[in-house]
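Engineer: Supplied in structure tokens, the structure appears directly below.
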Protein chains: 2
Amino acid sequence: MTSRSTYHHGDLRQAVLDAALDVIAADGPAALSLRDLARRAGVSHAAPAHHFKDRTGLLTALAAQGYGLLAETLATAPDLRERGVRYVRFAVEHPAHFQVMFQPELLRADDPDLIAARERASAELRAGVAGLRELPDARTAGIAAWSLAHGFATLLLTHNVRDALGDRDPEDYFRSLTGLLFTGQLPLTDGE
Amino acid sequence: MTSRSTYHHGDLRQAVLDAALDVIAADGPAALSLRDLARRAGVSHAAPAHHFKDRTGLLTALAAQGYGLLAETLATAPDLRERGVRYVRFAVEHPAHFQVMFQPELLRADDPDLIAARERASAELRAGVAGLRELPDARTAGIAAWSLAHGFATLLLTHNVRDALGDRDPEDYFRSLTGLLFTGQLPLTDGE
DNA sequence: CCATCATCTTGTCACTGACTAGATAATGCG
DNA sequence: CGCATTATCTAGTCAGTGACAAGATGATGG
């Protein structure tokens with residue numbers, strides 16, 4: 001990849017995005033360097049800027065891509081619990097996307113692609129509780145379910161549930177979490 | 001603060017930590033520059049390095065401080081629900097600490113102070129479910145409660161629940177979340 | 001066939017983190 | 001009290017980075 005016969009790369013945009021995913025998954029967004037990505041793709045140090053304008057542009061493109069993937073993943077889930085499971089699965093399978101999506105300081109908030117993709121994912125999240133008509137406040141219920149899945153996914157990626165997990169599959173573990181919570185087995189008060 | 005009569009600053013360590021909290025709360029950890037912090041404190045660009053070794057050292061010190069604060073906050077909570085509420089409150093009142101604490105790539109994982117402080121906070125989290133003797137698996141219950149609080153706190157700080165929140169107090173909203181979840185009002189399957 | 005445009009290169013600038021050597025103050029030990 | 005040791009801070013330097021500008025190369029369409 002270091003030497004190239006053609007002057008043009010061919011698909012530099014995707015090559016840079018893929019390389020960025022590797023770097024971020026390994027060492028986080030802070031370790032990401034446009035010049036390093038350029039070296040990996042075998043192009044000059046300023047080439048990536050033409051596709052993403054700047055560092056923020058690259059991260060914004062990644063986040064938009066992530067929201068798109070998440071929306072796809074959620075779309076075909078049969079019920080609310082499965083939506084949660086797929087949310088967790090998305091975080092595990094696309095850790096770099098997930099990290100970038102939820103660090104707004106790294107992104108250009110007014111980017112049209114980002115806003116559109118986020119809205120698609122958001123609609124899928126809302127769809128998960130839309131059918132629960134007996135609920136007084138579907139939106140609050142949605143936030144509750146989202147919080148649970150997002151929190152577990154985040155703690156998973158930040159290595160905070162390793163001991164509890166053991167060698168169990170994260171998705172299975174999450175299923176048992178929902179079972180514990182939603183059946184009212186966990187009392188809130190008078191614990192002692 | 002720019003000019004200083006004495007050669008020594010007096011309390012440069014805390015001054016740098018405080019300035020770092022401001023920067024991170026405003027623009028995230030990525031916007032943090034040791035040289036900028038030095039300028040704010042009115043010292044030379046290399047002075048902070050003596051207190052924190054490097055950038056990672058500074059962030060690790062912040063994280064350790066954060067875990068200490070969190071442990072203190074949780075210690076006096078009367079029951080599990082109130083522990084969750086205080087977890088959310090901590091995230092709102094100390095957003096910079098919270099962000100840094102849960103980005104392991106930014107930290108020195110083997111730092112003794114960090115490990116000790118994290119263990120103190122972890123013990124307080126476990127204490128929240130320790131009294132629930134009727135539970136088959138207190139550890140899993142702890143992860144469930146932690147996930148919910150952590151997820152809500154994270155979504156709060158990343159501006160993902162603004163619309164749902166309106167002008168309500170985040171803590172109150174979280175209380176209603178727990179009420180909704182733990183009483184089994186939210187069916188998991190057959191949503192449609 | 002040529003004009004236009006997208007893509008890539010080269011060169012440059014200010015800024016940053018990390019390191020080194022040396023200056024200055026505080027501390028403790030005889 | 002005097003002096004050595006240590007903690008703290010300054011000044012200088014280097015490689016790496018993001019951003020920008022100007023120009024080269026190749027593709028595309030009228």
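Convention: chains lettered A, B, ... in structure tokens order; per-chain residue numbering from 1; ligands numbered from 1 as shown.
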Give me every alpha helix (DSSP H) residue in region 75-139 of chain A, going by DSSP on the backbone, as JSON, numbers by chain.

Structural biologist: {"A": [75, 80, 81, 82, 83, 84, 85, 86, 87, 88, 89, 90, 91, 92, 93, 95, 96, 97, 98, 99, 100, 101, 112, 113, 114, 115, 116, 117, 118, 119, 120, 121, 122, 123, 124, 125, 126, 127, 128, 129, 130, 138, 139]}

Engineer: For the residues in the current selection, export N, CA and C atoms as a short mmCIF file (atom, residue, chain, number, x, y, z; two decimals), in the first residue's frame.

Structural biologist:
data_model
loop_
_atom_site.label_atom_id
_atom_site.label_comp_id
_atom_site.auth_asym_id
_atom_site.auth_seq_id
_atom_site.Cartn_x
_atom_site.Cartn_y
_atom_site.Cartn_z
N ALA A 75 -33.71 -2.21 13.11
CA ALA A 75 -34.95 -2.17 12.31
C ALA A 75 -35.72 -3.49 12.33
N LEU A 80 -39.04 -5.42 22.11
CA LEU A 80 -38.21 -4.46 22.84
C LEU A 80 -36.94 -5.09 23.40
N ARG A 81 -37.09 -6.25 24.00
CA ARG A 81 -35.92 -6.90 24.59
C ARG A 81 -34.86 -7.19 23.53
N GLU A 82 -35.30 -7.67 22.37
CA GLU A 82 -34.36 -7.99 21.31
C GLU A 82 -33.68 -6.73 20.79
N ARG A 83 -34.42 -5.62 20.81
CA ARG A 83 -33.80 -4.35 20.42
C ARG A 83 -32.65 -4.01 21.35
N GLY A 84 -32.86 -4.23 22.63
CA GLY A 84 -31.80 -3.99 23.61
C GLY A 84 -30.60 -4.88 23.37
N VAL A 85 -30.89 -6.15 23.10
CA VAL A 85 -29.81 -7.11 22.85
C VAL A 85 -29.00 -6.67 21.64
N ARG A 86 -29.68 -6.22 20.60
CA ARG A 86 -28.96 -5.80 19.39
C ARG A 86 -28.18 -4.50 19.61
N TYR A 87 -28.70 -3.66 20.46
CA TYR A 87 -27.97 -2.42 20.83
C TYR A 87 -26.63 -2.81 21.45
N VAL A 88 -26.68 -3.75 22.38
CA VAL A 88 -25.45 -4.22 23.03
C VAL A 88 -24.53 -4.88 22.01
N ARG A 89 -25.11 -5.67 21.12
CA ARG A 89 -24.30 -6.35 20.12
C ARG A 89 -23.60 -5.34 19.21
N PHE A 90 -24.33 -4.28 18.85
CA PHE A 90 -23.73 -3.25 18.02
C PHE A 90 -22.51 -2.64 18.70
N ALA A 91 -22.63 -2.36 19.98
CA ALA A 91 -21.51 -1.76 20.72
C ALA A 91 -20.30 -2.69 20.74
N VAL A 92 -20.57 -4.00 20.87
CA VAL A 92 -19.48 -4.98 20.93
C VAL A 92 -18.81 -5.15 19.57
N GLU A 93 -19.62 -5.16 18.53
CA GLU A 93 -19.09 -5.42 17.19
C GLU A 93 -18.53 -4.17 16.52
N PRO A 95 -17.11 -1.17 18.26
CA PRO A 95 -16.74 -0.34 19.43
C PRO A 95 -16.25 1.06 19.04
N ALA A 96 -15.55 1.15 17.90
CA ALA A 96 -15.03 2.46 17.49
C ALA A 96 -16.18 3.39 17.13
N HIS A 97 -17.11 2.89 16.32
CA HIS A 97 -18.28 3.69 15.99
C HIS A 97 -18.99 4.14 17.27
N PHE A 98 -19.22 3.19 18.16
CA PHE A 98 -20.00 3.48 19.36
C PHE A 98 -19.35 4.59 20.20
N GLN A 99 -18.05 4.49 20.35
CA GLN A 99 -17.33 5.51 21.13
C GLN A 99 -17.51 6.89 20.53
N VAL A 100 -17.29 6.99 19.23
CA VAL A 100 -17.33 8.29 18.57
C VAL A 100 -18.74 8.87 18.57
N MET A 101 -19.73 8.00 18.38
CA MET A 101 -21.12 8.46 18.33
C MET A 101 -21.54 9.19 19.61
N PRO A 112 -25.38 17.71 8.28
CA PRO A 112 -26.66 17.16 7.81
C PRO A 112 -26.69 15.63 7.80
N ASP A 113 -25.61 15.00 7.32
CA ASP A 113 -25.56 13.54 7.29
C ASP A 113 -25.67 12.96 8.69
N LEU A 114 -24.94 13.58 9.61
CA LEU A 114 -24.98 13.10 11.00
C LEU A 114 -26.38 13.21 11.57
N ILE A 115 -27.00 14.36 11.37
CA ILE A 115 -28.34 14.58 11.91
C ILE A 115 -29.34 13.59 11.32
N ALA A 116 -29.24 13.36 10.01
CA ALA A 116 -30.17 12.45 9.35
C ALA A 116 -30.00 11.02 9.87
N ALA A 117 -28.75 10.57 9.95
CA ALA A 117 -28.49 9.20 10.39
C ALA A 117 -28.92 9.01 11.84
N ARG A 118 -28.64 10.01 12.67
CA ARG A 118 -29.04 9.93 14.08
C ARG A 118 -30.56 9.86 14.21
N GLU A 119 -31.23 10.61 13.37
CA GLU A 119 -32.69 10.61 13.42
C GLU A 119 -33.25 9.24 13.02
N ARG A 120 -32.61 8.60 12.03
CA ARG A 120 -33.06 7.26 11.64
C ARG A 120 -32.92 6.29 12.80
N ALA A 121 -31.76 6.34 13.48
CA ALA A 121 -31.53 5.45 14.62
C ALA A 121 -32.51 5.77 15.75
N SER A 122 -32.71 7.05 15.96
CA SER A 122 -33.62 7.48 17.03
C SER A 122 -35.04 6.98 16.77
N ALA A 123 -35.46 7.02 15.51
CA ALA A 123 -36.79 6.54 15.15
C ALA A 123 -36.93 5.05 15.47
N GLU A 124 -35.86 4.30 15.22
CA GLU A 124 -35.89 2.86 15.50
C GLU A 124 -35.99 2.61 17.00
N LEU A 125 -35.32 3.45 17.78
CA LEU A 125 -35.40 3.30 19.23
C LEU A 125 -36.83 3.57 19.71
N ARG A 126 -37.41 4.63 19.16
CA ARG A 126 -38.78 4.97 19.55
C ARG A 126 -39.76 3.87 19.14
N ALA A 127 -39.50 3.29 17.98
CA ALA A 127 -40.39 2.24 17.48
C ALA A 127 -40.47 1.06 18.47
N GLY A 128 -39.42 0.88 19.24
CA GLY A 128 -39.38 -0.25 20.17
C GLY A 128 -40.42 -0.16 21.26
N VAL A 129 -40.83 1.05 21.61
CA VAL A 129 -41.83 1.21 22.66
C VAL A 129 -43.15 1.78 22.14
N ALA A 130 -43.19 2.02 20.84
CA ALA A 130 -44.37 2.68 20.27
C ALA A 130 -45.62 1.82 20.43
N ALA A 138 -44.86 6.69 26.83
CA ALA A 138 -43.98 5.82 26.04
C ALA A 138 -42.58 6.40 25.93
N ARG A 139 -42.49 7.73 25.89
CA ARG A 139 -41.17 8.34 25.74
C ARG A 139 -40.29 8.06 26.95
#

Engineer: Let's have chain B fitted on chain A; use all the C-alpha atoms paired in order for the least-squares step and return it as a compact mmCIF listing (two decimals) with C-alpha atoms, in the first residue's frame.

Structural biologist:
# COMPACT_ATOMS: atom_id res chain seq x y z
CA MET B 1 -0.14 -0.16 0.00
CA THR B 2 2.88 2.07 0.43
CA SER B 3 3.63 2.37 -3.29
CA ARG B 4 0.88 3.06 -5.75
CA SER B 5 0.99 2.92 -9.56
CA THR B 6 -1.84 5.35 -10.13
CA TYR B 7 -1.78 8.95 -9.01
CA HIS B 8 -5.22 8.57 -7.51
CA HIS B 9 -5.81 6.11 -4.72
CA GLY B 10 -9.12 4.76 -5.91
CA ASP B 11 -11.10 4.68 -2.70
CA LEU B 12 -9.14 6.75 -0.24
CA ARG B 13 -12.21 7.82 1.66
CA GLN B 14 -13.19 4.32 2.69
CA ALA B 15 -9.57 3.31 3.26
CA VAL B 16 -9.12 6.18 5.72
CA LEU B 17 -12.41 5.39 7.45
CA ASP B 18 -11.45 1.74 7.87
CA ALA B 19 -8.00 2.58 9.17
CA ALA B 20 -9.53 5.08 11.59
CA LEU B 21 -11.83 2.38 12.95
CA ASP B 22 -8.84 0.15 13.66
CA VAL B 23 -6.93 2.88 15.46
CA ILE B 24 -9.91 3.99 17.54
CA ALA B 25 -10.90 0.46 18.49
CA ALA B 26 -7.36 -0.19 19.65
CA ASP B 27 -6.39 3.08 21.34
CA GLY B 28 -9.38 5.42 21.34
CA PRO B 29 -10.18 8.56 19.34
CA ALA B 30 -7.38 10.51 21.03
CA ALA B 31 -4.77 8.30 19.37
CA LEU B 32 -6.09 9.11 15.92
CA SER B 33 -3.80 11.06 13.62
CA LEU B 34 -4.70 12.15 10.10
CA ARG B 35 -1.07 11.88 9.08
CA ASP B 36 -0.85 8.33 10.37
CA LEU B 37 -3.98 7.38 8.44
CA ALA B 38 -2.45 8.94 5.32
CA ARG B 39 0.71 6.89 5.79
CA ARG B 40 -1.31 3.70 6.19
CA ALA B 41 -3.15 4.42 2.95
CA GLY B 42 0.09 5.31 1.18
CA VAL B 43 -0.86 8.85 0.30
CA SER B 44 0.52 12.24 1.20
CA HIS B 45 -0.25 13.76 4.57
CA ALA B 46 -2.78 16.25 3.23
CA ALA B 47 -4.78 13.86 1.06
CA PRO B 48 -7.37 12.83 3.69
CA ALA B 49 -8.28 16.46 4.30
CA HIS B 50 -9.82 16.61 0.87
CA HIS B 51 -12.36 13.97 1.80
CA PHE B 52 -13.12 15.03 5.36
CA LYS B 53 -12.03 18.67 5.59
CA ASP B 54 -10.46 18.14 9.01
CA ARG B 55 -10.18 15.79 11.96
CA THR B 56 -13.65 16.68 13.21
CA GLY B 57 -15.03 15.98 9.75
CA LEU B 58 -13.56 12.49 9.75
CA LEU B 59 -14.99 11.68 13.17
CA THR B 60 -18.36 13.10 12.15
CA ALA B 61 -18.39 10.86 9.08
CA LEU B 62 -17.63 7.87 11.30
CA ALA B 63 -20.42 8.77 13.70
CA ALA B 64 -22.93 9.16 10.87
CA GLN B 65 -21.87 5.79 9.47
CA GLY B 66 -22.33 4.31 12.92
CA TYR B 67 -25.84 5.67 13.39
CA GLY B 68 -26.75 4.26 9.99
CA LEU B 69 -25.48 0.82 10.95
CA LEU B 70 -27.30 0.97 14.27
CA ALA B 71 -30.58 1.92 12.60
CA GLU B 72 -30.25 -1.03 10.23
CA THR B 73 -29.50 -3.40 13.07
CA LEU B 74 -32.47 -2.27 15.16
CA ALA B 75 -34.97 -2.17 12.31
CA THR B 76 -35.67 -5.90 12.12
CA ALA B 77 -35.79 -6.68 15.86
CA PRO B 78 -39.03 -8.44 16.82
CA ASP B 79 -39.59 -6.87 20.25
CA LEU B 80 -38.20 -4.46 22.81
CA ARG B 81 -35.91 -6.90 24.58
CA GLU B 82 -34.35 -8.00 21.30
CA ARG B 83 -33.80 -4.34 20.39
CA GLY B 84 -31.81 -3.99 23.60
CA VAL B 85 -29.81 -7.10 22.84
CA ARG B 86 -28.97 -5.80 19.38
CA TYR B 87 -27.98 -2.43 20.82
CA VAL B 88 -25.45 -4.22 23.02
CA ARG B 89 -24.31 -6.36 20.10
CA PHE B 90 -23.74 -3.24 18.00
CA ALA B 91 -21.52 -1.76 20.70
CA VAL B 92 -19.49 -4.97 20.93
CA GLU B 93 -19.10 -5.42 17.18
CA HIS B 94 -18.53 -1.74 16.38
CA PRO B 95 -16.75 -0.33 19.42
CA ALA B 96 -15.03 2.46 17.51
CA HIS B 97 -18.29 3.69 16.00
CA PHE B 98 -20.01 3.48 19.37
CA GLN B 99 -17.34 5.51 21.14
CA VAL B 100 -17.34 8.29 18.57
CA MET B 101 -21.13 8.46 18.33
CA PHE B 102 -21.41 9.37 21.99
CA GLN B 103 -18.68 12.00 22.29
CA PRO B 104 -20.39 15.15 20.97
CA GLU B 105 -17.32 17.33 21.52
CA LEU B 106 -15.57 15.37 18.78
CA LEU B 107 -18.34 15.93 16.22
CA ARG B 108 -19.75 18.70 14.06
CA ALA B 109 -23.20 18.89 15.58
CA ASP B 110 -24.81 20.61 12.58
CA ASP B 111 -23.62 18.13 9.96
CA PRO B 112 -26.65 17.16 7.83
CA ASP B 113 -25.55 13.54 7.29
CA LEU B 114 -24.97 13.10 11.00
CA ILE B 115 -28.34 14.58 11.91
CA ALA B 116 -30.18 12.46 9.36
CA ALA B 117 -28.50 9.21 10.40
CA ARG B 118 -29.04 9.92 14.07
CA GLU B 119 -32.70 10.61 13.43
CA ARG B 120 -33.05 7.27 11.64
CA ALA B 121 -31.55 5.46 14.62
CA SER B 122 -33.64 7.48 17.04
CA ALA B 123 -36.80 6.54 15.16
CA GLU B 124 -35.92 2.87 15.50
CA LEU B 125 -35.41 3.29 19.23
CA ARG B 126 -38.80 4.97 19.57
CA ALA B 127 -40.41 2.23 17.50
CA GLY B 128 -39.40 -0.25 20.17
CA VAL B 129 -41.84 1.19 22.67
CA ALA B 130 -44.39 2.66 20.28
CA GLY B 131 -46.59 -0.43 20.41
CA LEU B 132 -46.86 -0.48 24.18
CA ARG B 133 -50.20 1.30 24.31
CA GLU B 134 -50.95 0.53 27.91
CA LEU B 135 -48.04 2.73 28.98
CA PRO B 136 -48.86 6.22 30.26
CA ASP B 137 -45.65 7.71 28.85
CA ALA B 138 -44.01 5.79 26.03
CA ARG B 139 -41.21 8.32 25.74
CA THR B 140 -40.12 7.89 29.34
CA ALA B 141 -40.31 4.13 28.92
CA GLY B 142 -38.09 4.46 25.88
CA ILE B 143 -35.51 6.45 27.84
CA ALA B 144 -35.57 3.80 30.56
CA ALA B 145 -34.92 0.95 28.16
CA TRP B 146 -32.32 2.96 26.27
CA SER B 147 -30.52 3.86 29.51
CA LEU B 148 -30.27 0.23 30.54
CA ALA B 149 -28.91 -0.96 27.19
CA HIS B 150 -26.60 2.02 26.77
CA GLY B 151 -25.26 1.76 30.29
CA PHE B 152 -24.51 -1.93 30.00
CA ALA B 153 -22.88 -1.45 26.60
CA THR B 154 -20.72 1.40 27.92
CA LEU B 155 -19.65 -0.48 31.04
CA LEU B 156 -18.84 -3.43 28.80
CA LEU B 157 -16.59 -1.41 26.49
CA THR B 158 -14.85 0.30 29.42
CA HIS B 159 -13.97 -3.08 30.97
CA ASN B 160 -16.18 -2.52 34.01
CA VAL B 161 -18.16 -5.75 33.95
CA ARG B 162 -15.37 -8.20 33.11
CA ASP B 163 -15.43 -9.99 36.45
CA ALA B 164 -19.20 -10.33 36.58
CA LEU B 165 -19.32 -11.54 32.98
CA GLY B 166 -16.76 -14.32 33.30
CA ASP B 167 -16.80 -16.18 30.00
CA ARG B 168 -20.49 -15.68 29.36
CA ASP B 169 -21.73 -14.09 26.16
CA PRO B 170 -22.49 -10.38 26.75
CA GLU B 171 -25.81 -10.66 24.96
CA ASP B 172 -26.93 -13.53 27.16
CA TYR B 173 -25.87 -11.67 30.24
CA PHE B 174 -27.87 -8.65 29.13
CA ARG B 175 -30.92 -10.87 28.64
CA SER B 176 -30.65 -12.00 32.23
CA LEU B 177 -30.31 -8.37 33.32
CA THR B 178 -33.58 -7.45 31.67
CA GLY B 179 -35.25 -10.49 33.21
CA LEU B 180 -34.11 -9.42 36.64
CA LEU B 181 -35.19 -5.82 36.27
CA PHE B 182 -38.46 -6.01 34.47
CA THR B 183 -40.06 -8.64 36.64
CA GLY B 184 -39.73 -6.51 39.74
CA GLN B 185 -37.35 -8.85 41.49
CA LEU B 186 -35.10 -6.03 42.57
CA PRO B 187 -36.52 -4.02 45.49
CA LEU B 188 -35.62 -0.35 45.49
CA THR B 189 -35.84 0.57 49.12
CA ASP B 190 -35.21 -0.93 52.54
CA GLY B 191 -32.26 -2.87 51.23
CA GLU B 192 -30.65 -3.26 54.62

Engineer: Would you give me, as a PyMOL selection string, the residues of chain C that come within 10 Å of chain A, using only C-alpha atoms (C1' of nucleotides)?

Structural biologist: chain C and resi 6-10

Engineer: Residues of chain D within 9 Å of chain B, using only C-alpha atoms (C1' of nucleotides), as number ranges by chain?

Structural biologist: D: 8-11

Engineer: Skip DC2 (chain C) itself and residues of its chain fewer than 3 positions away, then list as a ChimeraX atom specification all residues within 12 Å of it, counting only C-alpha atoms (C1' of nucleotides).

Structural biologist: /D:28-30

Engineer: Restricting the calculation to only C-alpha atoms (C1' of nucleotides), which member of D:DA27, D:DA7, D:DC1, D:DC20 is positioned closest to DA14 (chain C)?

Structural biologist: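 Between D:DA27, D:DA7, D:DC1, D:DC20, the residue approaching DA14 (chain C) most closely is D:DC20.
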